[in-house]
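Reviewing the structure listed below.
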Number of protein chains: 4
Amino acid sequence: MNGNRFGRLFQVTTFGESHGEAMGCTVSGCPAGLELSEEDIQADLDRRKPGQSMITTSRGEPDDVSIKSGIQDGYTTGTPIGLVIQNKDARSGKYEPFITAPRPSHGDFTYSAKFGTRNWGGGGRSSARETVNWVAAGAIAKKLLEREGIELKAHVNQIDDIEAPEVSFDQIKKHSEENDVRCAHPETAERMQERIEEYQEEGDSIGGSIYFEAQGVPVGLGAPRFDSLSARLGQAMMAVPATTAFEFGLGREAREWTGKERNDDWEFGEDGDPVPVENDHGGIQGGISSGEPIYGEVTLHAPTSIPKSQQTADWETGEIKEEQVIGRHDPVLPPRGVPVVEAMLALTLVDFMLLSGRLNPDRVDDSPGEYDTEYHPSNPENE
Amino acid sequence: MNGNRFGRLFQVTTFGESHGEAMGCTVSGCPAGLELSEEDIQADLDRRKPGQSMITTSRGEPDDVSIKSGIQDGYTTGTPIGLVIQNKDARSGKYEPFITAPRPSHGDFTYSAKFGTRNWGGGGRSSARETVNWVAAGAIAKKLLEREGIELKAHVNQIDDIEAPEVSFDQIKKHSEENDVRCAHPETAERMQERIEEYQEEGDSIGGSIYFEAQGVPVGLGAPRFDSLSARLGQAMMAVPATTAFEFGLGREAREWTGKERNDDWEFGEDGDPVPVENDHGGIQGGISSGEPIYGEVTLHAPTSIPKSQQTADWETGEIKEEQVIGRHDPVLPPRGVPVVEAMLALTLVDFMLLSGRLNPDRVDDSPGEYDTEYHPSNPENE
Amino acid sequence: MNGNRFGRLFQVTTFGESHGEAMGCTVSGCPAGLELSEEDIQADLDRRKPGQSMITTSRGEPDDVSIKSGIQDGYTTGTPIGLVIQNKDARSGKYEPFITAPRPSHGDFTYSAKFGTRNWGGGGRSSARETVNWVAAGAIAKKLLEREGIELKAHVNQIDDIEAPEVSFDQIKKHSEENDVRCAHPETAERMQERIEEYQEEGDSIGGSIYFEAQGVPVGLGAPRFDSLSARLGQAMMAVPATTAFEFGLGREAREWTGKERNDDWEFGEDGDPVPVENDHGGIQGGISSGEPIYGEVTLHAPTSIPKSQQTADWETGEIKEEQVIGRHDPVLPPRGVPVVEAMLALTLVDFMLLSGRLNPDRVDDSPGEYDTEYHPSNPENE
Amino acid sequence: MNGNRFGRLFQVTTFGESHGEAMGCTVSGCPAGLELSEEDIQADLDRRKPGQSMITTSRGEPDDVSIKSGIQDGYTTGTPIGLVIQNKDARSGKYEPFITAPRPSHGDFTYSAKFGTRNWGGGGRSSARETVNWVAAGAIAKKLLEREGIELKAHVNQIDDIEAPEVSFDQIKKHSEENDVRCAHPETAERMQERIEEYQEEGDSIGGSIYFEAQGVPVGLGAPRFDSLSARLGQAMMAVPATTAFEFGLGREAREWTGKERNDDWEFGEDGDPVPVENDHGGIQGGISSGEPIYGEVTLHAPTSIPKSQQTADWETGEIKEEQVIGRHDPVLPPRGVPVVEAMLALTLVDFMLLSGRLNPDRVDDSPGEYDTEYHPSNPENE
């Protein structure tokens with residue numbers, strides 16, 4: 001209801017503002033017996049964190065995650081995992097000019113109008129800083145999915161009008177982390193980097209998009225109608241800050257394809273099961289996974305905080321004035337958005353794995369079980 | 001969880017299959033005191049029903065809705081509204097060839113794989129027949145929204161590569177119902193109609209898209225993050241059968257816009273409130289409504305049921321075979337999808353109106369109140 | 001939110017008023033492959049229906065259930081099961097005196113105050129007629145539970161100060177349906193019957209209680225804290241109309257027991273697992289099932305509708321007046337409440353069975369699976 | 001689902017184990033503009049904390065709460081309030097004997113059976129230490145309710161067979177905090193104290209009960225049927241650790257009252273509205289609040305952790321053995337349970353206030369509103 005919870009069986013609840021004391025996330029519904037450490041989570045946080053390169057904000061946040069509960073001797077216990085990430089480099093003073101003069105196309109005005117106030121430091125709750133929580137929760141989801149043979153990965157496939165050619169899942173896994181743009185096609189990445197820098201120098205910003213793919217998803221995930229895999233992915237991805245479009249399979253292009261062209265004939269696969277000859281359907285048929293890779297794209301508009309002069313209206317003074325947002329802001333969102341999109345994909349899939357009974361909600365399949373506590377070092381049996 | 005419920009405070013629960021006895025829908029959370037009759041609902045059902053024209057299926061369903069509860073003397077009572085719509089023209093026999101040989105890109109295989117069985121008559125629960133329930137519930141939502149000054153409308157803006165020029169909201173209201181395609185630009189509608197007929201004659205089908213718009217939405221609807229207006233619209237629209245893309249505002253195009261270009265400066269409106277100079281943001285900023293019109297597009301792929309020969313794999317016999325789907329199927333989905341998209345938009349908005357406290361969850365503002373029963377004819381006071 | 005939905009994975013949504021056209025119930029989340037017919041449901045409805053004996057209301061409702069969806073060839077398909085039960089013997093006219101003069105301790109005033117109106121015929125939505133829906137849904141839940149070896153049963157254990165001695169689960173199964181009071185101790189049943197008739201003759205009514213028990217519940221159902229088995233049973237049972245107390249295990253009496261007395265020591269059971277020596281804990285420890293029988297009691301106050309003269313205040317006329325409720329009302333609730341309590345117990349347990357992964361949410365374990373449709377008669381393989 | 005969330009619009013999500021690093025609680029859905037400080041919360045935490053007296057555990061926890069988000073300049077901002085409470089005096093070593101030998105009637109065995117493991121230090125997630133989170137969240141709920149004129153209070157009304165005479169709401173407010181037992185009847189409190197000490201000296205523990213009451217609840221809170229005020233209170237109260245019975249109004253006693261005796265006649269109140277002559281119905285009619293005080297009782301069984309020797313079964317060694325739980329445990333629960341019961345009552349009521357639209361979900365009524373940030377000190381208007 002209030003926007004701070006995601007997931008039905010794998011439940012993520014978050015708190016925190018851009019310039020508050022800490023960000024935090026409670027993951028409830030992770031089965032017991034999963035090996036989990038702060039390092040597992042940190043790896044993804046480091047991919048999202050600010051200050052990684054010239055084309056990301058220079059805000060200096062180490063984003064060190066601390067696990068407060070739900071773990072014993074390196075394994076989850078089935079009880080809620082409390083995560084806290086301190087905000088270290090918050091400098092609210094910078095935002096004072098905008099308290100009553102909303103930044104264009106930012107959440108400043110709408111938050112203030114809704115709540116009659118807002119955390120005005122750096123965007124408060126509307127800041128993309130919140131996604132640090134999502135990435136932390138997503139890292140846990142990924143660990144669960146990997147055990148089930150589900151792999152997922154994203155990369156930046158377009159910035160401005162520079163579009164990457166189609167690349168394979170293996171290429172994405174191999175190349176997307178090799179450059180600052182997180183585009184799996186190295187030459188395109190270079191061109192994107194240049195383009196971004198051009199806009200950055202002009203004091204402007206630019207939009208782009210992220211391609212995502214999940215492999216190894218079993219047949220039969222998703223529910224009919226309102227809770228179809230595509231509907232829930234739609235919610236998950238449209239929640240990513242700055243998203244204006246969500247597509248899967250042929251996406252928007254499907255409007256120009258005929259039924260005969262788009263339909264994927266059936267043949268028999270290696271196991272003797274019917275499998276589609278192609279995958280124009282994007283891994284989802286009738287809202288339910290077909291066993292083929294699930295893929296799609298998310299469009300992120302250009303960051304709204306730009307140094308270029310813009311016009312605002314101060315509701316306190318009644319003045320129209322020019323303003324420049326000279327904070328530490330990203331000139332483009334997709335590079336840091338890649339782990340966020342992966343996180344939302346992972347959270348959506350792990351939820352469906354639990355809902356379908358394919359993941360045991362109480363404990364992972366190879367957990368000791370039978371009331372065991374054998375992995376506890378103080379248990380004499382373990383020594 | 002199970003896909004048969006939508007909405008958080010304005011709750012819709014549905015049942016029914018394509019060739020079952022009846023479709024049904026329970027609307028829980030409609031405030032008391034709303035004037036409501038079967039005619040109010042029927043009007044929208046008639047826009048969605050089959051057999052309206054040459055470019056819709058010839059299945060003969062009158063789709064007469066019957067209100068079973070929740071109404072007294074023509075007004076809602078605040079208790080759940082039970083709606084039932086009989087299926088009259090179900091002819092399951094037609095689908096027998098496909099029982100164990102799934103139609104390409106249909107839900108046949110995935111439903112069977114998930115549930116170990118399926119209603120095989122005409123798509124069962126995966127059939128778009130289900131949307132009759134959505135349109136019925138949406139009609140109630142629309143009545144509530146209209147009272148609050150919120151108007152919404154959709155039209156078909158693209159079929160194949162034939163794209164309608166931009167039309168105003170007034171034009172959509174005026175023209176979209178004037179032609180069978182439901183495109184508000186009459187000349188384009190004619191071209192679309194011809195193109196659809198071409199595919200129909202070939203035994204093929206074609207994709208297209210629907211543009212939607214809501215006006216009069218107050219500032220401040222939506223919640224931060226996971227329950228943002230865009231995230232919940234994303235879920236709602238991606239649930240529409242055959243949808244492969246959801247966009248709002250600039251949508252996919254935003255990837256090629258700079259921050260300076262896309263950002264909407266602030267000025268003061270007539271009431272002295274800050275208002276954006278333009279509406280490239282699509283009526284949503286930071287996930288919350290800005291007071292500007294909310295608009296976007298939904299892409300629907302071509303109907304998968306086509307007379308053209310296609311290849312399937314029969315899991316019972318192990319045969320690869322050719323099949324033709326000679327049912328009564330639409331050659332294109334957007335024309336009948338228009339009221340469905342409107343319904344999902346209305347259901348999403350009315351839910352946020354309740355969640356924001358702008359609509360009283362117990363009763364509409366001008367309902368008699370104070371324990372009254374005065375609109376009851378058997379009450380002597382009323383005569 | 002709105003009170004018309006119960007269950008998290010096994011979801012029941014209801015509609016209907018006492019004197020409306022029909023009652024209805026949608027069961028979403030029942031796995032596919034369960035053999036189910038209207039007869040299965042009817043058996044329990046007949047136990048709840050009015051007019052069974054001299055100590056129940058004489059309203060003549062056959063309560064014939066009609067399954068509208070979710071079944072194919074006698075088996076569930078995993079899609080929502082729509083149930084409708086017509087109201088046949090509604091006589092609203094009888095209630096006209098009470099439209100603006102609320103019956104004492106009934107829901108008349110509170111419903112009117114909340115909604116600004118109400119269905120005034122026979123209690124409308126606040127009438128216990130609604131429980132026909134619960135019993136229908138509960139019958140499906142019971143069928144699922146029986147397959148898992150879970151049996152449950154209730155009987156009337158107190159009317160006024162007449163308390164039945166403790167009886168075994170087997171005795172409850174054997175005797176509770178043998179008398180009109182539904183008390184499993186025959187001699188007590190007779191005394192109860194006489195007492196009820198005395199009050200009935202005086203134009204008064206009387207309270208009582210129901211004892212319930214479930215056997216075969218596996219260890220480990222329930223979740224920590226807010227969703228403990230006891231918390232969710234608490235909600236379920238307190239929703240039963242006229243309930244004023246819910247107890248499990250020692251219940252209220254536990255306040256006078258010491259820890260040493262109440263604690264149940266551990267020994268090893270037949271399977272070599274720890275089992276409690278006794279069951280003073282009522283089958284639930286730390287909110288989670290212990291494998292022992294779950295038992296408890298529900299107290300139902302006396303029916304509020306009585307022929308004896310009572311004082312009311314007419315908000316329309318401003319008059320204080322005497323009124324007599326001369327409808328067709330039960331003089332005592334527990335006898336017809338027995339199947340209702342069983343239904344709520346079944347619905348709660350089946351939900352936890354799904355949530356724990358012990359029941360496959362997609363299909364029952366012995367359903368044909370592997371995309372099969374083999375139980376369909378038109379499939380040549382089946383003949 | 002997973003037991004770590006409570007509330008529908010006023011949402012509480014918790015984490016933490018008895019001997020983990022920290023307890024934590026996220027409150028989502030608190031309207032903006034409420035003045036709130038750590039002191040507001042601390043006051044109630046101090047009432048619940050251990051080590052207050054001889055009849056509570058000697059564990060030394062200061063239970064200092066830290067607000068991590070959701071507040072600006074002393075007022076809530078409408079965004080989630082993150083609360084963290086460090087565990088300071090955790091001594092897990094004490095619990096080693098019980099790792100594989102479950103304590104009688106504790107959650108040890110059921111947690112281990114469900115999850116295949118558990119936090120074995122001091123009860124882990126099943127420990128009543130969790131209620132520190134509930135009390136913290138409840139303190140915020142109470143502040144909101146007070147603004148609406150709703151007051152609530154609880155006291156201990158029975159320990160063993162020592163029952164307090166009926167006391168007025170004013171007496172409860174005045175006297176319940178004056179003694180260690182938290183019984184509002186001073187002489188009874190003394191007798192209870194002695195009795196508790198007797199059991200404590202024997203190495204045993206004893207049960208008891210808490211009476212609660214809320215005044216000023218407006219007419220019309222609660223929803224029909226499954227979400228009735230009594231059903232949701234039932235869930236809330238049955239979630240309180242060690243609860244075995246929940247009663248409201250006449251509670252269990254209602255089984256011996258006739259309709260005529262229990263029914264409350266109507267008269268007109270001061271405002272000219274119908275009001276019940278008495279309040280045997282406990283402030284709830286048809287599941288909806290009547291405007292009369294809501295009152296009831298909760299029974300808490302004796303603490304299961306006792307020094308007296310008990311028998312357990314070690315599943316690792318296969319031994320039956322005697323064990324003594326020599327931790328720092330309470331000999332009785334109700335004295336520290338009083339603020340917990342108040343918290344659950346407050347959380348339930350505030351949720352219904354939001355659901356009924358009586359509390360604005362976005363901001364409290366006298367918050368500045370109109371995009372204001374005027375209570376911010378750096379805003380020149382404020383100086």
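Ordering of the structure tokens sets the chain letters (A, B, ...), residue numbers begin anew at 1 in every chain, and ligands are numbered from 1 in the order given.
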Check your understanding: Could you name the residues that touch stretch 193-200 of chain B at 6 Å or less, counting only C-alpha atoms, but leaving out those on the same chain fewer than 4 positions away, as a PyMOL selection string?
Key -> chain B and resi 204-205+331
Restrict the calculation to only C-alpha atoms, then for each residue of chain B with any atom at most 7 Å from an atom of chain C give the closest atom pair and their distance in Å to one decimal, rows by chain and rising residue number, as JSON lines.
{"residue": "B:Met1", "atom": "CA", "partner": "C:Leu9", "partner_atom": "CA", "distance": 6.5}
{"residue": "B:Asn2", "atom": "CA", "partner": "C:Gly29", "partner_atom": "CA", "distance": 5.7}
{"residue": "B:Asn4", "atom": "CA", "partner": "C:Ser28", "partner_atom": "CA", "distance": 6.9}
{"residue": "B:Leu9", "atom": "CA", "partner": "C:Met1", "partner_atom": "CA", "distance": 6.5}
{"residue": "B:Phe15", "atom": "CA", "partner": "C:Pro80", "partner_atom": "CA", "distance": 5.2}
{"residue": "B:Gly16", "atom": "CA", "partner": "C:Ser69", "partner_atom": "CA", "distance": 5.2}
{"residue": "B:Glu17", "atom": "CA", "partner": "C:Ser69", "partner_atom": "CA", "distance": 6.6}
{"residue": "B:Gly20", "atom": "CA", "partner": "C:Ser69", "partner_atom": "CA", "distance": 6.0}
{"residue": "B:Glu21", "atom": "CA", "partner": "C:Lys68", "partner_atom": "CA", "distance": 5.5}
{"residue": "B:Ala22", "atom": "CA", "partner": "C:Lys68", "partner_atom": "CA", "distance": 5.7}
{"residue": "B:Thr26", "atom": "CA", "partner": "C:Phe15", "partner_atom": "CA", "distance": 6.9}
{"residue": "B:Ser28", "atom": "CA", "partner": "C:Asn2", "partner_atom": "CA", "distance": 6.5}
{"residue": "B:Gly29", "atom": "CA", "partner": "C:Asn2", "partner_atom": "CA", "distance": 5.7}
{"residue": "B:Ala32", "atom": "CA", "partner": "C:Phe115", "partner_atom": "CA", "distance": 5.7}
{"residue": "B:Lys68", "atom": "CA", "partner": "C:Glu21", "partner_atom": "CA", "distance": 5.4}
{"residue": "B:Ser69", "atom": "CA", "partner": "C:Gly16", "partner_atom": "CA", "distance": 5.2}
{"residue": "B:Gln72", "atom": "CA", "partner": "C:Asn119", "partner_atom": "CA", "distance": 6.5}
{"residue": "B:Thr77", "atom": "CA", "partner": "C:Arg118", "partner_atom": "CA", "distance": 5.7}
{"residue": "B:Gly78", "atom": "CA", "partner": "C:Phe115", "partner_atom": "CA", "distance": 6.1}
{"residue": "B:Thr79", "atom": "CA", "partner": "C:Arg125", "partner_atom": "CA", "distance": 6.7}
{"residue": "B:Pro80", "atom": "CA", "partner": "C:Phe15", "partner_atom": "CA", "distance": 5.3}
{"residue": "B:Ile81", "atom": "CA", "partner": "C:Phe15", "partner_atom": "CA", "distance": 6.6}
{"residue": "B:Gly82", "atom": "CA", "partner": "C:Phe15", "partner_atom": "CA", "distance": 5.8}
{"residue": "B:Ser112", "atom": "CA", "partner": "C:Tyr371", "partner_atom": "CA", "distance": 4.3}
{"residue": "B:Ala113", "atom": "CA", "partner": "C:Tyr371", "partner_atom": "CA", "distance": 4.7}
{"residue": "B:Lys114", "atom": "CA", "partner": "C:Asp362", "partner_atom": "CA", "distance": 6.3}
{"residue": "B:Phe115", "atom": "CA", "partner": "C:Asp362", "partner_atom": "CA", "distance": 5.2}
{"residue": "B:Gly116", "atom": "CA", "partner": "C:Gly369", "partner_atom": "CA", "distance": 3.7}
{"residue": "B:Thr117", "atom": "CA", "partner": "C:Thr373", "partner_atom": "CA", "distance": 5.2}
{"residue": "B:Arg118", "atom": "CA", "partner": "C:Thr77", "partner_atom": "CA", "distance": 5.7}
{"residue": "B:Asn119", "atom": "CA", "partner": "C:Gln72", "partner_atom": "CA", "distance": 6.5}
{"residue": "B:Arg125", "atom": "CA", "partner": "C:Thr79", "partner_atom": "CA", "distance": 6.8}
{"residue": "B:Asp362", "atom": "CA", "partner": "C:Phe115", "partner_atom": "CA", "distance": 5.3}
{"residue": "B:Arg363", "atom": "CA", "partner": "C:Phe115", "partner_atom": "CA", "distance": 5.6}
{"residue": "B:Ser367", "atom": "CA", "partner": "C:Gly116", "partner_atom": "CA", "distance": 6.9}
{"residue": "B:Pro368", "atom": "CA", "partner": "C:Gly116", "partner_atom": "CA", "distance": 6.2}
{"residue": "B:Gly369", "atom": "CA", "partner": "C:Gly116", "partner_atom": "CA", "distance": 3.7}
{"residue": "B:Glu370", "atom": "CA", "partner": "C:Gly116", "partner_atom": "CA", "distance": 5.5}
{"residue": "B:Tyr371", "atom": "CA", "partner": "C:Ser112", "partner_atom": "CA", "distance": 4.3}
{"residue": "B:Asp372", "atom": "CA", "partner": "C:Thr117", "partner_atom": "CA", "distance": 5.4}
{"residue": "B:Thr373", "atom": "CA", "partner": "C:Thr117", "partner_atom": "CA", "distance": 5.2}
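Interatomic distance, atom CA of B:Gly318 against atom CA of A:Gly269: 11.2 Å.
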Exercise for review: For stretch 295-312 of chain B, please output as JSON, numbers by chain all residues within 8 Å (counting only C-alpha atoms; exclusion window: fewer than 5 positions along the same chain).
Suggested key: {"A": [251, 252, 254, 255, 257, 258, 259, 260, 262, 263, 265, 266, 267], "B": [101, 102, 103, 104, 105, 106, 202, 203, 204, 205, 206, 207, 208, 209, 210, 211, 212, 213, 214, 237, 241, 242, 243, 244, 245, 246, 247, 248, 249, 250, 251, 282, 283, 320, 321, 322, 323, 324, 325, 326, 327, 329, 330, 331, 332, 333, 334]}
For the residues selected in the previous step, produce a file with C-alpha atoms as an mmCIF file, in the first residue's frame.
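Below is the file that was written, again-v1.cif:
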data_model
loop_
_atom_site.group_PDB
_atom_site.id
_atom_site.type_symbol
_atom_site.label_atom_id
_atom_site.label_comp_id
_atom_site.auth_asym_id
_atom_site.auth_seq_id
_atom_site.Cartn_x
_atom_site.Cartn_y
_atom_site.Cartn_z
ATOM 1 C CA GLY A 251 8.061 -5.585 -26.760
ATOM 2 C CA ARG A 252 6.804 -2.527 -28.548
ATOM 3 C CA ALA A 254 5.177 -6.692 -31.569
ATOM 4 C CA ARG A 255 2.649 -4.205 -32.862
ATOM 5 C CA TRP A 257 4.349 -8.407 -36.399
ATOM 6 C CA THR A 258 1.705 -10.769 -37.734
ATOM 7 C CA GLY A 259 0.498 -13.780 -35.806
ATOM 8 C CA LYS A 260 2.187 -16.151 -38.203
ATOM 9 C CA ARG A 262 5.438 -14.015 -34.094
ATOM 10 C CA ASN A 263 3.945 -17.382 -33.163
ATOM 11 C CA ASP A 265 5.894 -23.413 -33.562
ATOM 12 C CA TRP A 266 6.326 -26.424 -31.321
ATOM 13 C CA GLU A 267 8.833 -29.207 -31.686
ATOM 14 C CA ALA B 101 -1.177 -30.544 -29.152
ATOM 15 C CA PRO B 102 -0.655 -26.973 -27.942
ATOM 16 C CA ARG B 103 -1.415 -24.037 -30.180
ATOM 17 C CA PRO B 104 1.733 -22.007 -30.910
ATOM 18 C CA SER B 105 2.400 -19.132 -28.481
ATOM 19 C CA HIS B 106 -0.928 -19.672 -26.739
ATOM 20 C CA GLU B 202 -4.751 -14.406 -45.535
ATOM 21 C CA GLY B 203 -5.718 -16.378 -42.444
ATOM 22 C CA ASP B 204 -3.282 -14.350 -40.400
ATOM 23 C CA SER B 205 -3.564 -11.754 -37.645
ATOM 24 C CA ILE B 206 -1.728 -8.551 -36.710
ATOM 25 C CA GLY B 207 -0.538 -6.607 -33.672
ATOM 26 C CA GLY B 208 -1.260 -3.054 -32.632
ATOM 27 C CA SER B 209 -1.375 -0.652 -29.752
ATOM 28 C CA ILE B 210 -3.698 1.382 -27.549
ATOM 29 C CA TYR B 211 -3.132 4.907 -26.315
ATOM 30 C CA PHE B 212 -4.786 5.807 -22.988
ATOM 31 C CA GLU B 213 -5.249 9.048 -21.143
ATOM 32 C CA ALA B 214 -6.750 10.159 -17.837
ATOM 33 C CA MET B 237 -1.582 -3.053 -18.071
ATOM 34 C CA PRO B 241 -3.931 -10.349 -22.430
ATOM 35 C CA ALA B 242 -1.316 -10.208 -25.221
ATOM 36 C CA THR B 243 0.447 -7.138 -23.851
ATOM 37 C CA THR B 244 4.182 -7.063 -24.514
ATOM 38 C CA ALA B 245 4.976 -3.430 -23.689
ATOM 39 C CA PHE B 246 3.801 -0.736 -21.318
ATOM 40 C CA GLU B 247 4.929 2.857 -21.660
ATOM 41 C CA PHE B 248 3.903 6.115 -20.048
ATOM 42 C CA GLY B 249 4.896 9.662 -20.921
ATOM 43 C CA LEU B 250 7.661 9.514 -23.505
ATOM 44 C CA GLY B 251 7.882 5.789 -22.962
ATOM 45 C CA GLY B 282 3.269 11.767 -18.478
ATOM 46 C CA GLY B 283 1.518 13.017 -15.359
ATOM 47 C CA ILE B 320 4.785 -33.331 -34.907
ATOM 48 C CA LYS B 321 1.795 -32.092 -36.866
ATOM 49 C CA GLU B 322 0.367 -29.145 -38.741
ATOM 50 C CA GLU B 323 -2.672 -27.439 -37.260
ATOM 51 C CA GLN B 324 -5.085 -24.676 -38.158
ATOM 52 C CA VAL B 325 -7.071 -22.837 -35.536
ATOM 53 C CA ILE B 326 -10.444 -22.479 -37.169
ATOM 54 C CA GLY B 327 -12.382 -21.016 -34.293
ATOM 55 C CA HIS B 329 -11.180 -15.470 -33.411
ATOM 56 C CA ASP B 330 -10.323 -11.818 -33.663
ATOM 57 C CA PRO B 331 -7.805 -10.919 -36.361
ATOM 58 C CA VAL B 332 -6.531 -8.074 -34.183
ATOM 59 C CA LEU B 333 -6.915 -7.281 -30.485
ATOM 60 C CA PRO B 334 -6.762 -3.521 -29.840
#
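When only C-alpha atoms are used to compute distances to D:His155, the closest of the residues D:Met54, D:Ala231, D:Ser289, D:Pro339 turns out to be D:Pro339.
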Revision key, fill the gap. As a check of understanding: the span from atom CA of D:Arg225 to atom CA of C:Ala128 is 9.5 Å
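For the pair atom CA of C:Asp160 and atom CA of C:Met238, the separation is 19.8 Å.
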Check your understanding: Closest to B:Gly286 among B:Gly220, B:Gly149, B:Pro50, B:Gly123, using only C-alpha atoms?
Key -> B:Gly220
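Every protein, DNA or RNA residue with an atom at most 10 Å from D:Leu144, where only C-alpha atoms count and chain neighbours fewer than 4 positions away do not, is listed here: Cys30, Pro31, Leu34, Glu35, Gly138, Ala139, Ile140, Glu148, Gly149, Ile150, Ala346, Val350, Met353, Leu359 and Val364 of chain D.
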Write the residues of the selection above to a file with N, CA, C and O atoms, as a CSV table (one decimal), in the first residue's frame.
chain,number,residue,atom,x,y,z
D,30,CYS,N,2.6,5.5,8.5
D,30,CYS,CA,2.3,6.6,9.5
D,30,CYS,C,2.2,7.9,8.7
D,30,CYS,O,3.1,8.3,8.0
D,31,PRO,N,1.1,8.6,8.8
D,31,PRO,CA,1.0,9.9,8.1
D,31,PRO,C,2.1,10.9,8.4
D,31,PRO,O,2.7,10.8,9.5
D,34,LEU,N,3.3,14.2,12.1
D,34,LEU,CA,3.1,13.8,13.5
D,34,LEU,C,4.4,14.1,14.2
D,34,LEU,O,5.5,13.7,13.8
D,35,GLU,N,4.3,14.8,15.3
D,35,GLU,CA,5.5,15.1,16.1
D,35,GLU,C,5.9,13.8,16.7
D,35,GLU,O,5.1,13.2,17.4
D,138,GLY,N,3.8,0.3,18.5
D,138,GLY,CA,2.6,0.7,19.2
D,138,GLY,C,2.6,2.1,19.8
D,138,GLY,O,1.6,2.8,19.9
D,139,ALA,N,3.8,2.5,20.2
D,139,ALA,CA,3.9,3.9,20.8
D,139,ALA,C,3.6,4.9,19.8
D,139,ALA,O,3.0,6.0,20.1
D,140,ILE,N,4.0,4.7,18.5
D,140,ILE,CA,3.6,5.6,17.4
D,140,ILE,C,2.1,5.6,17.2
D,140,ILE,O,1.5,6.6,17.0
D,148,GLU,N,-6.8,11.7,18.1
D,148,GLU,CA,-8.2,11.5,17.7
D,148,GLU,C,-9.1,11.3,18.9
D,148,GLU,O,-10.3,10.9,18.7
D,149,GLY,N,-8.6,11.5,20.0
D,149,GLY,CA,-9.4,11.3,21.2
D,149,GLY,C,-9.6,9.9,21.7
D,149,GLY,O,-10.5,9.6,22.4
D,150,ILE,N,-8.8,9.0,21.1
D,150,ILE,CA,-8.9,7.6,21.6
D,150,ILE,C,-7.8,7.3,22.6
D,150,ILE,O,-6.6,7.5,22.4
D,346,ALA,N,-3.5,-0.8,20.0
D,346,ALA,CA,-3.3,0.5,19.3
D,346,ALA,C,-3.0,0.2,17.8
D,346,ALA,O,-3.6,0.9,17.0
D,350,VAL,N,-5.5,1.8,15.0
D,350,VAL,CA,-5.0,2.9,14.1
D,350,VAL,C,-5.1,2.4,12.7
D,350,VAL,O,-5.4,3.2,11.8
D,353,MET,N,-8.6,3.0,11.8
D,353,MET,CA,-8.8,4.5,11.6
D,353,MET,C,-8.4,4.9,10.2
D,353,MET,O,-9.1,5.7,9.5
D,359,LEU,N,-8.6,8.7,9.6
D,359,LEU,CA,-7.3,9.3,9.6
D,359,LEU,C,-6.8,9.4,8.2
D,359,LEU,O,-6.9,8.5,7.4
D,364,VAL,N,-1.4,14.1,8.9
D,364,VAL,CA,-2.3,14.4,10.0
D,364,VAL,C,-3.0,15.7,9.7
D,364,VAL,O,-2.5,16.6,9.0
